[in-house]
file entry-v5.cif (mmCIF, C-alpha atoms)
data_data
#
loop_
_atom_site.label_atom_id
_atom_site.label_comp_id
_atom_site.auth_asym_id
_atom_site.auth_seq_id
_atom_site.Cartn_x
_atom_site.Cartn_y
_atom_site.Cartn_z
CA MET L 162 -33.13 70.15 36.42
CA SER L 163 -34.62 68.50 39.52
CA ALA L 164 -33.42 65.27 41.15
CA GLU L 165 -36.46 63.50 39.74
CA ASP L 166 -35.58 64.68 36.26
CA VAL L 167 -31.99 63.42 36.67
CA ALA L 168 -33.24 60.06 37.93
CA ALA L 169 -35.70 59.85 35.06
CA SER L 170 -32.94 60.80 32.65
CA ASN L 171 -30.60 58.14 34.07
CA GLN L 172 -33.38 55.59 33.89
CA PHE L 173 -34.13 56.56 30.31
CA GLN L 174 -30.45 56.31 29.37
CA ALA L 175 -30.18 52.86 30.97
CA HIS L 176 -33.24 51.71 29.08
CA LEU L 177 -31.87 53.17 25.88
CA ASP L 178 -28.60 51.27 26.37
CA ARG L 179 -30.52 48.06 26.94
CA ALA L 180 -32.65 48.65 23.86
CA LEU L 181 -29.52 49.34 21.83
CA GLU L 182 -28.05 46.02 22.91
CA GLU L 183 -31.16 44.27 21.68
CA LEU L 184 -30.78 45.74 18.22
CA PRO L 185 -29.06 43.66 15.52
CA GLU L 186 -25.38 44.43 15.19
CA LYS L 187 -25.54 45.98 11.73
CA LEU L 188 -28.36 48.31 12.76
CA ARG L 189 -26.73 49.31 16.03
CA LEU L 190 -23.45 50.06 14.32
CA VAL L 191 -24.84 52.50 11.76
CA LEU L 192 -27.09 54.13 14.34
CA LEU L 193 -24.23 54.81 16.73
CA LEU L 194 -22.00 55.98 13.90
CA SER L 195 -24.71 58.39 12.74
CA ALA L 196 -24.99 59.72 16.30
CA MET L 197 -21.28 60.42 16.48
CA ASP L 198 -20.28 64.03 16.07
CA GLY L 199 -18.97 64.88 12.65
CA CYS L 200 -19.71 61.51 11.07
CA THR L 201 -21.45 61.90 7.72
CA MET L 202 -23.55 59.32 5.91
CA GLU L 203 -20.88 58.94 3.25
CA GLU L 204 -18.26 58.22 5.90
CA ILE L 205 -20.51 55.63 7.51
CA ALA L 206 -21.05 53.96 4.15
CA ALA L 207 -17.29 53.88 3.56
CA THR L 208 -16.62 52.58 7.06
CA VAL L 209 -19.20 49.84 7.00
CA GLY L 210 -18.65 49.04 3.34
CA VAL L 211 -22.24 49.30 2.15
CA PRO L 212 -23.97 51.68 -0.28
CA LEU L 213 -25.27 55.02 0.91
CA GLY L 214 -28.89 53.97 0.41
CA THR L 215 -28.33 50.94 2.63
CA VAL L 216 -26.95 53.16 5.35
CA LYS L 217 -30.00 55.41 5.17
CA SER L 218 -32.46 52.56 5.25
CA ARG L 219 -30.61 50.90 8.14
CA ILE L 220 -30.68 54.11 10.13
CA PHE L 221 -34.40 54.47 9.47
CA VAL L 222 -35.16 50.90 10.56
CA ALA L 223 -32.92 51.19 13.61
CA ARG L 224 -34.53 54.43 14.77
CA LYS L 225 -37.98 52.99 14.25
CA LYS L 226 -37.21 49.83 16.23
CA LEU L 227 -35.53 51.75 19.00
CA ALA L 228 -38.42 54.19 19.25
CA GLU L 229 -40.83 51.27 19.46
CA LYS L 230 -38.89 49.74 22.36
CA LEU L 231 -38.70 53.06 24.14
CA ARG L 232 -42.42 53.65 23.56
CA CYS L 233 -43.19 50.34 25.25
CA HIS L 234 -40.98 51.38 28.14
CA ALA L 235 -42.73 54.78 28.38
CA ASN L 236 -46.13 53.09 28.34
CA THR L 237 -45.15 50.77 31.19
CA ILE L 238 -43.99 53.77 33.21
CA LYS L 239 -47.26 55.56 32.52
CA MET L 240 -49.25 52.50 33.62
CA ARG L 241 -47.43 52.48 36.98
CA MET X 28 -55.09 58.29 20.80
CA PRO X 29 -54.24 58.78 17.11
CA CYS X 30 -56.46 57.58 14.32
CA GLU X 31 -55.60 54.02 13.37
CA HIS X 32 -55.44 54.82 9.68
CA TYR X 33 -52.69 57.44 10.16
CA LYS X 34 -50.78 55.77 12.96
CA ASN X 35 -47.97 54.29 10.85
CA ALA X 36 -47.71 57.39 8.73
CA LEU X 37 -47.32 59.47 11.90
CA ILE X 38 -44.54 57.27 13.23
CA ASP X 39 -42.71 57.26 9.89
CA ALA X 40 -42.98 61.04 9.67
CA ALA X 41 -41.55 61.40 13.17
CA VAL X 42 -38.73 58.91 12.53
CA THR X 43 -37.68 60.53 9.27
CA GLY X 44 -38.06 64.00 10.82
CA ARG X 45 -39.93 65.22 7.79
CA ASP X 46 -41.31 68.73 8.18
CA LEU X 47 -44.98 68.44 7.32
CA THR X 48 -45.79 72.10 7.83
CA GLY X 49 -43.31 73.47 5.31
CA ALA X 50 -43.85 74.06 1.65
CA ALA X 51 -41.53 71.26 0.58
CA ALA X 52 -42.69 68.83 -2.05
CA LEU X 53 -44.55 65.98 -0.38
CA THR X 54 -45.90 62.71 -1.59
CA ALA X 55 -49.61 62.15 -1.86
CA GLU X 56 -49.60 60.16 1.38
CA LEU X 57 -47.87 62.92 3.31
CA ARG X 58 -50.18 65.57 1.82
CA ASP X 59 -53.10 63.50 3.02
CA LEU X 60 -51.50 63.22 6.48
CA ARG X 61 -50.90 66.96 6.65
CA ALA X 62 -54.52 67.63 5.76
CA HIS X 63 -55.61 65.18 8.46
CA LEU X 64 -53.35 66.76 11.10
CA ALA X 65 -54.85 70.15 10.39
CA GLU X 66 -58.21 68.96 11.58
CA CYS X 67 -57.40 66.09 14.10
CA VAL X 68 -56.20 67.21 17.53
CA ALA X 69 -55.46 63.65 18.77
CA CYS X 70 -53.16 62.91 15.86
CA ARG X 71 -51.37 66.23 16.33
CA ALA X 72 -50.76 65.36 20.00
CA ALA X 73 -49.57 61.86 19.07
CA LEU X 74 -47.15 63.29 16.51
CA ALA X 75 -45.78 65.78 19.07
CA GLU X 76 -45.32 62.96 21.60
CA GLU X 77 -43.54 60.82 19.05
CA GLN X 78 -41.26 63.66 18.07
CA SER X 79 -40.34 64.36 21.70
CA LEU X 80 -39.60 60.66 22.24
CA LEU X 81 -37.34 60.61 19.20
CA ALA X 82 -35.61 63.80 20.31
CA ALA X 83 -34.87 62.20 23.69
CA MET X 84 -33.67 59.09 21.94
CA ASP X 85 -31.34 61.08 19.69
CA SER X 86 -29.84 62.95 22.62
CA GLY X 87 -29.33 59.67 24.47
CA LEU X 88 -27.72 58.15 21.40
CA ARG X 89 -25.42 61.14 21.10
CA VAL X 90 -24.37 60.60 24.72
CA ALA X 91 -23.76 56.90 24.13
CA ALA X 92 -21.87 57.41 20.89
CA ASN X 93 -19.69 60.29 22.05
CA ALA X 94 -18.94 59.04 25.53
CA GLU X 95 -15.48 60.06 26.59
CA VAL X 96 -12.98 57.37 27.36
CA PRO X 97 -12.00 57.48 31.05
CA PRO X 98 -8.37 58.49 31.52
CA SER X 99 -7.61 55.35 33.52
CA LEU X 100 -8.65 53.08 30.66
CA LEU X 101 -5.66 53.67 28.41
CA PRO X 102 -2.94 52.76 30.98
CA ARG X 103 -4.91 49.67 31.98
CA VAL X 104 -5.25 48.51 28.38
CA ARG X 105 -1.56 49.19 27.75
CA ALA X 106 -0.57 47.25 30.87
CA SER X 107 -2.70 44.25 29.93
CA LEU X 108 -1.28 44.31 26.38
CA ASP X 109 2.27 44.37 27.73
CA GLU X 110 1.46 41.50 30.06
CA ALA X 111 0.06 39.46 27.20
CA ALA X 112 3.10 40.24 25.05
CA THR X 113 5.50 39.05 27.75
CA ALA X 114 3.47 35.94 28.51
CA ARG X 115 3.24 34.83 24.89
CA PRO X 116 6.96 34.12 24.20
CA ARG X 117 7.21 32.01 27.36
CA TRP X 118 4.35 29.85 26.17
CA SER X 119 5.64 29.62 22.62
CA SER X 120 9.22 28.85 23.71
CA GLN X 121 8.00 25.87 25.77
CA TRP X 122 6.08 24.50 22.84
CA LEU X 123 8.97 25.21 20.51
CA ALA X 124 11.34 23.25 22.74
CA LEU X 125 8.88 20.37 22.91
CA ALA X 126 8.46 20.38 19.13
CA VAL X 127 12.21 20.37 18.56
CA ALA X 128 12.70 17.51 21.02
CA SER X 129 9.92 15.42 19.46
CA THR X 130 11.28 16.08 15.97
CA ALA X 131 14.74 14.97 17.06
CA VAL X 132 13.34 11.77 18.56
CA ALA X 133 11.32 11.12 15.41
CA MET X 134 14.36 11.65 13.21
CA LEU X 135 16.32 9.18 15.32
CA PHE X 136 13.74 6.41 15.15
CA LEU X 137 12.23 7.02 11.75
CA PRO X 138 15.00 5.39 9.67
CA VAL X 139 14.89 2.25 11.82
CA LYS X 140 11.13 2.01 11.51
CA PHE X 141 11.30 2.73 7.78
CA ARG X 142 13.82 -0.05 7.27
CA ARG X 143 11.60 -2.49 9.20
CA ASN X 144 8.56 -1.48 7.20
CA ASN X 145 10.46 -2.02 3.97
CA ALA X 146 11.44 -5.50 5.06
CA ASP X 147 7.82 -6.25 6.02
CA ALA X 148 6.55 -5.01 2.69
CA LEU X 149 9.04 -7.09 0.78
CA SER X 150 8.33 -10.29 2.65
CA ILE X 151 5.43 -12.20 1.23
CA ASN X 152 4.39 -13.86 4.44
CA SER X 153 1.05 -12.14 4.29
CA VAL X 154 0.41 -13.56 0.84
CA SER X 155 1.17 -17.06 2.07
CA ASN X 156 -1.70 -16.68 4.56
CA LEU X 157 -4.21 -16.28 1.77
CA PRO X 158 -5.46 -19.89 1.78
CA THR X 159 -6.88 -19.34 5.25
CA VAL X 160 -9.26 -16.64 4.02
CA PRO X 161 -11.95 -18.97 2.65
CA GLU X 162 -12.05 -20.77 5.98
CA VAL X 163 -13.45 -17.73 7.75
CA THR X 164 -16.26 -17.19 5.27
CA PRO X 165 -19.64 -17.90 6.86
CA THR X 166 -20.66 -20.50 4.30
CA THR X 167 -18.25 -23.05 5.76
CA GLN X 168 -19.40 -22.58 9.38
CA THR X 169 -23.06 -21.68 9.20
CA PRO X 170 -24.50 -25.15 8.47
CA SER X 171 -23.46 -26.33 11.92
CA LEU X 172 -24.99 -23.25 13.54
CA SER X 173 -28.19 -22.72 11.64
CA ASN X 174 -28.93 -26.27 10.54
CA PRO X 175 -27.41 -28.77 13.00
CA GLY X 176 -29.15 -31.74 11.52
CA GLY X 177 -27.86 -31.02 8.09
CA ARG X 178 -31.35 -30.95 6.61
CA GLY X 179 -32.02 -28.85 3.53
CA LYS X 180 -29.75 -28.50 0.55
CA LEU X 181 -29.81 -24.73 0.19
CA PRO X 182 -26.98 -22.86 1.88
CA GLN X 183 -28.21 -21.23 5.06
CA LYS X 184 -27.53 -17.65 6.09
CA PRO X 185 -25.95 -17.18 9.52
CA LEU X 186 -28.51 -16.59 12.26
CA ALA X 187 -26.57 -14.33 14.54
CA SER X 188 -24.35 -11.51 13.43
CA THR X 189 -21.90 -12.36 16.21
CA ALA X 190 -21.30 -15.80 14.75
CA ARG X 191 -20.54 -14.19 11.42
CA ASN X 192 -18.37 -11.40 12.79
CA ALA X 193 -16.36 -13.28 15.40
CA PRO X 194 -13.82 -14.90 13.04
CA LEU X 195 -13.62 -11.72 11.02
CA ARG X 196 -12.70 -9.77 14.12
CA ASP X 197 -9.85 -12.19 14.82
CA GLU X 198 -8.29 -11.68 11.44
CA SER X 199 -8.98 -7.99 11.17
CA ALA X 200 -5.39 -7.17 12.07
CA SER X 201 -3.94 -9.33 9.32
CA ARG X 202 -6.47 -7.99 6.81
CA ARG X 203 -5.42 -4.46 7.59
CA ARG X 204 -1.89 -5.37 6.52
CA SER X 205 -2.72 -7.27 3.33
CA PRO X 206 -5.71 -6.92 1.01
CA GLU X 207 -8.08 -9.85 0.88
CA ILE X 208 -7.87 -11.78 -2.38
CA LEU X 209 -10.40 -14.49 -3.03
CA VAL X 210 -9.22 -17.32 -5.26
CA SER X 211 -10.62 -20.70 -6.11
CA ARG X 212 -9.50 -23.84 -4.25
CA ASP X 213 -7.35 -25.18 -7.07
CA GLN X 214 -5.38 -21.96 -7.30
CA GLU X 215 -4.70 -21.75 -3.57
CA ALA X 216 -2.01 -24.42 -3.56
CA PHE X 217 -0.35 -22.91 -6.58
CA LEU X 218 -0.36 -19.46 -5.00
CA ALA X 219 1.00 -20.82 -1.73
CA SER X 220 3.92 -22.55 -3.46
CA TYR X 221 4.60 -19.48 -5.52
CA ALA X 222 4.56 -17.31 -2.42
CA LYS X 223 6.96 -19.68 -0.69
CA GLN X 224 9.40 -19.55 -3.58
CA TRP X 225 9.13 -15.81 -3.80
CA SER X 226 9.67 -15.45 -0.07
CA SER X 227 12.83 -17.53 -0.19
CA ARG X 228 14.11 -15.50 -3.13
CA VAL X 229 13.40 -12.26 -1.34
CA ARG X 230 15.12 -13.52 1.78
CA ALA X 231 18.11 -14.53 -0.28
CA PHE X 232 18.12 -11.10 -1.86
CA LEU X 233 17.90 -9.44 1.53
CA VAL X 234 20.71 -11.53 2.90
CA SER X 235 22.86 -10.76 -0.12
CA SER X 236 22.09 -7.06 0.14
CA GLU X 237 23.10 -7.12 3.79
CA LEU X 238 26.34 -8.77 2.78
CA VAL X 239 26.93 -6.15 0.13
CA GLU X 240 26.31 -3.42 2.64
CA ALA X 241 28.87 -4.90 4.99
CA LYS X 242 32.36 -3.75 4.24
CA LEU X 243 34.21 -6.71 2.82
CA GLU X 244 37.86 -6.78 2.11
CA PRO X 245 38.79 -7.52 -1.47
CA LEU X 246 39.42 -11.15 -2.15
CA ARG X 247 43.07 -11.92 -2.38
CA VAL X 248 43.85 -14.72 -4.75
CA PRO X 249 47.40 -16.00 -4.94
CA LEU X 250 49.00 -15.82 -8.31
CA ILE X 251 48.72 -18.98 -10.29
CA GLN X 252 52.00 -20.58 -11.14
CA ILE X 253 51.82 -22.07 -14.57
CA ALA X 254 54.60 -24.41 -15.46
CA ASN X 255 56.30 -24.05 -18.84
CA LEU X 256 54.73 -26.28 -21.42
CA ASP X 257 56.83 -28.89 -23.01
CA VAL X 258 56.08 -28.20 -26.64
CA LYS X 259 57.91 -30.14 -29.27
CA PRO X 260 58.23 -28.89 -32.81
CA LEU X 261 55.97 -30.64 -35.36
CA ALA X 262 58.83 -31.61 -37.58
CA GLU X 263 60.41 -33.64 -34.86
CA GLU X 264 57.20 -35.41 -34.16
CA GLY X 265 56.74 -36.21 -37.85
CA SER X 266 60.26 -37.73 -38.13
CA GLN X 267 59.69 -39.95 -35.17
#
call {"tool": "encode", "arguments": {"input": "entry-v5.cif", "output": "structure tokens"}}
result
Amino acid sequence: MSAEDVAASNQFQAHLDRALEELPEKLRLVLLLSAMDGCTMEEIAATVGVPLGTVKSRIFVARKKLAEKLRCHANTIKMR
Amino acid sequence: MPCEHYKNALIDAAVTGRDLTGAAALTAELRDLRAHLAECVACRAALAEEQSLLAAMDSGLRVAANAEVPPSLLPRVRASLDEAATARPRWSSQWLALAVASTAVAMLFLPVKFRRNNADALSINSVSNLPTVPEVTPTTQTPSLSNPGGRGKLPQKPLASTARNAPLRDESASRRRSPEILVSRDQEAFLASYAKQWSSRVRAFLVSSELVEAKLEPLRVPLIQIANLDVKPLAEEGSQ
């Protein structure tokens, strides 16, 4: 991995953190829990106290919103 | 640039990570998308770009979610918790001492105040002030303010709110103590005399109760000396 790739990776991670902060709390929570190693959907549902279907739909919405924010960021980088 | 019609379907497929190339059972919409991807190069490229973006996002999320706690964090948190635990009793002990002191002062002065309040409640001085209440009503004062010449027979309303409120403000303190009771003129004198009598009775009662409370020695009455009666038999009286 080149220095440019590391810088781009760091920049992407910083933008991802910022985009995560902009997400609503309930979406961010389930998304981060789903990204944790060894955390199943059932465990997330039990932790948050919502049905399994709600967890799935929240993860879907959170990923979609986050991807949209990151896409905007990628487009601005491309335009530079 | 993907086709506008399939744009949302492409994004949803990438977000859900659905495998469109496999033989899994697909909905009609996804079957239509798969057929479109087979013949549209732009949409295939857009889907690949979306999938790579989501893969980068997932790896970044994994980094953020599984970030290791720095070893220096735990001692710092423990130290700050200990500091807070030692600071808290000092604060609470000061407030506890203050509360105890104020309670002691209140317990000292409360009986005195309670006794005074009882005496105030029992005295009917506030009731004897009732005849002055009609004097502050605006109807008695407004003719001089609104109609100086005395023309017109109808009662006039006060012009300024200050003229109406000024006397009320003066007696607001006394009204707070006793409720306002409106009575007719002929009953005022009767009520005043009744209040006076009642007040004197209550004062007498209070004075007597104070005397009862005071420790009095039992009254010592000297024994009465009764002289022997000089009774003569009836027979002797009859003979005489």
call {"tool": "atom_distance", "arguments": {"input": "entry-v5.cif", "atom1": "atom CA of Ile220 of chain L", "atom2": "atom CA of Leu192 of chain L"}}
result
5.5 Å
call {"tool": "closest_atom_pairs", "arguments": {"input": "entry-v5.cif", "of": "chain X", "to": "chain L", "cutoff": "9 Å", "atoms": "all atoms listed in the file", "output": "Markdown table"}}
result
| residue | atom | partner | partner_atom | distance |
| --- | --- | --- | --- | --- |
| X:Ile38 | CA | L:Lys225 | CA | 7.9 |
| X:Asp39 | CA | L:Lys225 | CA | 7.7 |
| X:Val42 | CA | L:Lys225 | CA | 6.2 |
| X:Thr43 | CA | L:Phe221 | CA | 6.9 |
| X:Glu77 | CA | L:Ala228 | CA | 8.4 |
| X:Leu80 | CA | L:Ala228 | CA | 7.2 |
| X:Leu81 | CA | L:Ala228 | CA | 6.5 |
| X:Ala83 | CA | L:Phe173 | CA | 8.7 |
| X:Met84 | CA | L:Ala228 | CA | 7.3 |
| X:Asp85 | CA | L:Ala196 | CA | 7.3 |
| X:Ser86 | CA | L:Ala196 | CA | 8.6 |
| X:Gly87 | CA | L:Gln174 | CA | 6.0 |
| X:Leu88 | CA | L:Ala196 | CA | 6.0 |
| X:Arg89 | CA | L:Ala196 | CA | 5.0 |
| X:Val90 | CA | L:Ala196 | CA | 8.5 |
| X:Ala91 | CA | L:Leu193 | CA | 7.7 |
| X:Ala92 | CA | L:Met197 | CA | 5.4 |
| X:Asn93 | CA | L:Met197 | CA | 5.8 |
call {"tool": "axis_aligned_box", "arguments": {"input": "entry-v5.cif", "around": "segment 252-259 of chain X", "padding_each_side": "8 Å", "output": "lines of an AutoDock Vina configuration file"}}
result
center_x = 54.9
center_y = -25.4
center_z = -20.2
size_x = 22.1
size_y = 25.6
size_z = 34.1
call {"tool": "atom_distance", "arguments": {"input": "entry-v5.cif", "atom1": "atom CA of Pro29 of chain X", "atom2": "atom CA of Ala69 of chain X"}}
result
5.3 Å
call {"tool": "resolve_selection", "arguments": {"input": "entry-v5.cif", "expression": "the PyMOL selection byres ((chain X and resi 36) around 12)", "output": "count of residues only"}}
result
31
call {"tool": "atom_distance", "arguments": {"input": "entry-v5.cif", "atom1": "atom CA of Ile205 of chain L", "atom2": "atom CA of Lys217 of chain L"}}
result
9.8 Å
call {"tool": "closest_residue", "arguments": {"input": "entry-v5.cif", "among": "L:Cys200, L:Leu188, L:Cys233, L:Ala180", "to": "Thr215 of chain L", "atoms": "only C-alpha atoms"}}
result
L:Leu188
call {"tool": "residues_around", "arguments": {"input": "entry-v5.cif", "residues": "Val209 of chain L", "least_positions_apart": "3", "cutoff": "9 Å", "atoms": "all atoms listed in the file", "output": "list in words"}}
result
Lys187, Leu190, Val191, Glu204, Ile205, Ala206, Pro212 and Val216 of chain L
call {"tool": "build_atoms", "arguments": {"input": "entry-v5.cif", "residues": "segment 82-93 of chain X", "atoms": "N, CA and C atoms", "output": "tab-separated table (two decimals), in the frame of the given file"}}
result
chain	number	residue	atom	x	y	z
X	82	ALA	N	-36.63	62.81	19.94
X	82	ALA	CA	-35.61	63.80	20.31
X	82	ALA	C	-34.83	63.32	21.53
X	83	ALA	N	-35.55	62.74	22.50
X	83	ALA	CA	-34.87	62.20	23.69
X	83	ALA	C	-33.97	61.04	23.30
X	84	MET	N	-34.46	60.24	22.40
X	84	MET	CA	-33.67	59.09	21.94
X	84	MET	C	-32.40	59.57	21.24
X	85	ASP	N	-32.51	60.57	20.40
X	85	ASP	CA	-31.34	61.08	19.69
X	85	ASP	C	-30.31	61.67	20.64
X	86	SER	N	-30.81	62.39	21.66
X	86	SER	CA	-29.84	62.95	22.62
X	86	SER	C	-29.16	61.84	23.41
X	87	GLY	N	-29.93	60.82	23.76
X	87	GLY	CA	-29.33	59.67	24.47
X	87	GLY	C	-28.33	58.94	23.60
X	88	LEU	N	-28.65	58.81	22.32
X	88	LEU	CA	-27.72	58.15	21.40
X	88	LEU	C	-26.44	58.95	21.25
X	89	ARG	N	-26.60	60.28	21.22
X	89	ARG	CA	-25.42	61.14	21.10
X	89	ARG	C	-24.51	60.96	22.33
X	90	VAL	N	-25.15	60.83	23.49
X	90	VAL	CA	-24.37	60.60	24.72
X	90	VAL	C	-23.63	59.27	24.64
X	91	ALA	N	-24.37	58.24	24.18
X	91	ALA	CA	-23.76	56.90	24.13
X	91	ALA	C	-22.65	56.83	23.10
X	92	ALA	N	-22.85	57.52	21.97
X	92	ALA	CA	-21.87	57.41	20.89
X	92	ALA	C	-20.64	58.27	21.12
X	93	ASN	N	-20.81	59.37	21.85
X	93	ASN	CA	-19.69	60.29	22.05
X	93	ASN	C	-19.17	60.25	23.48
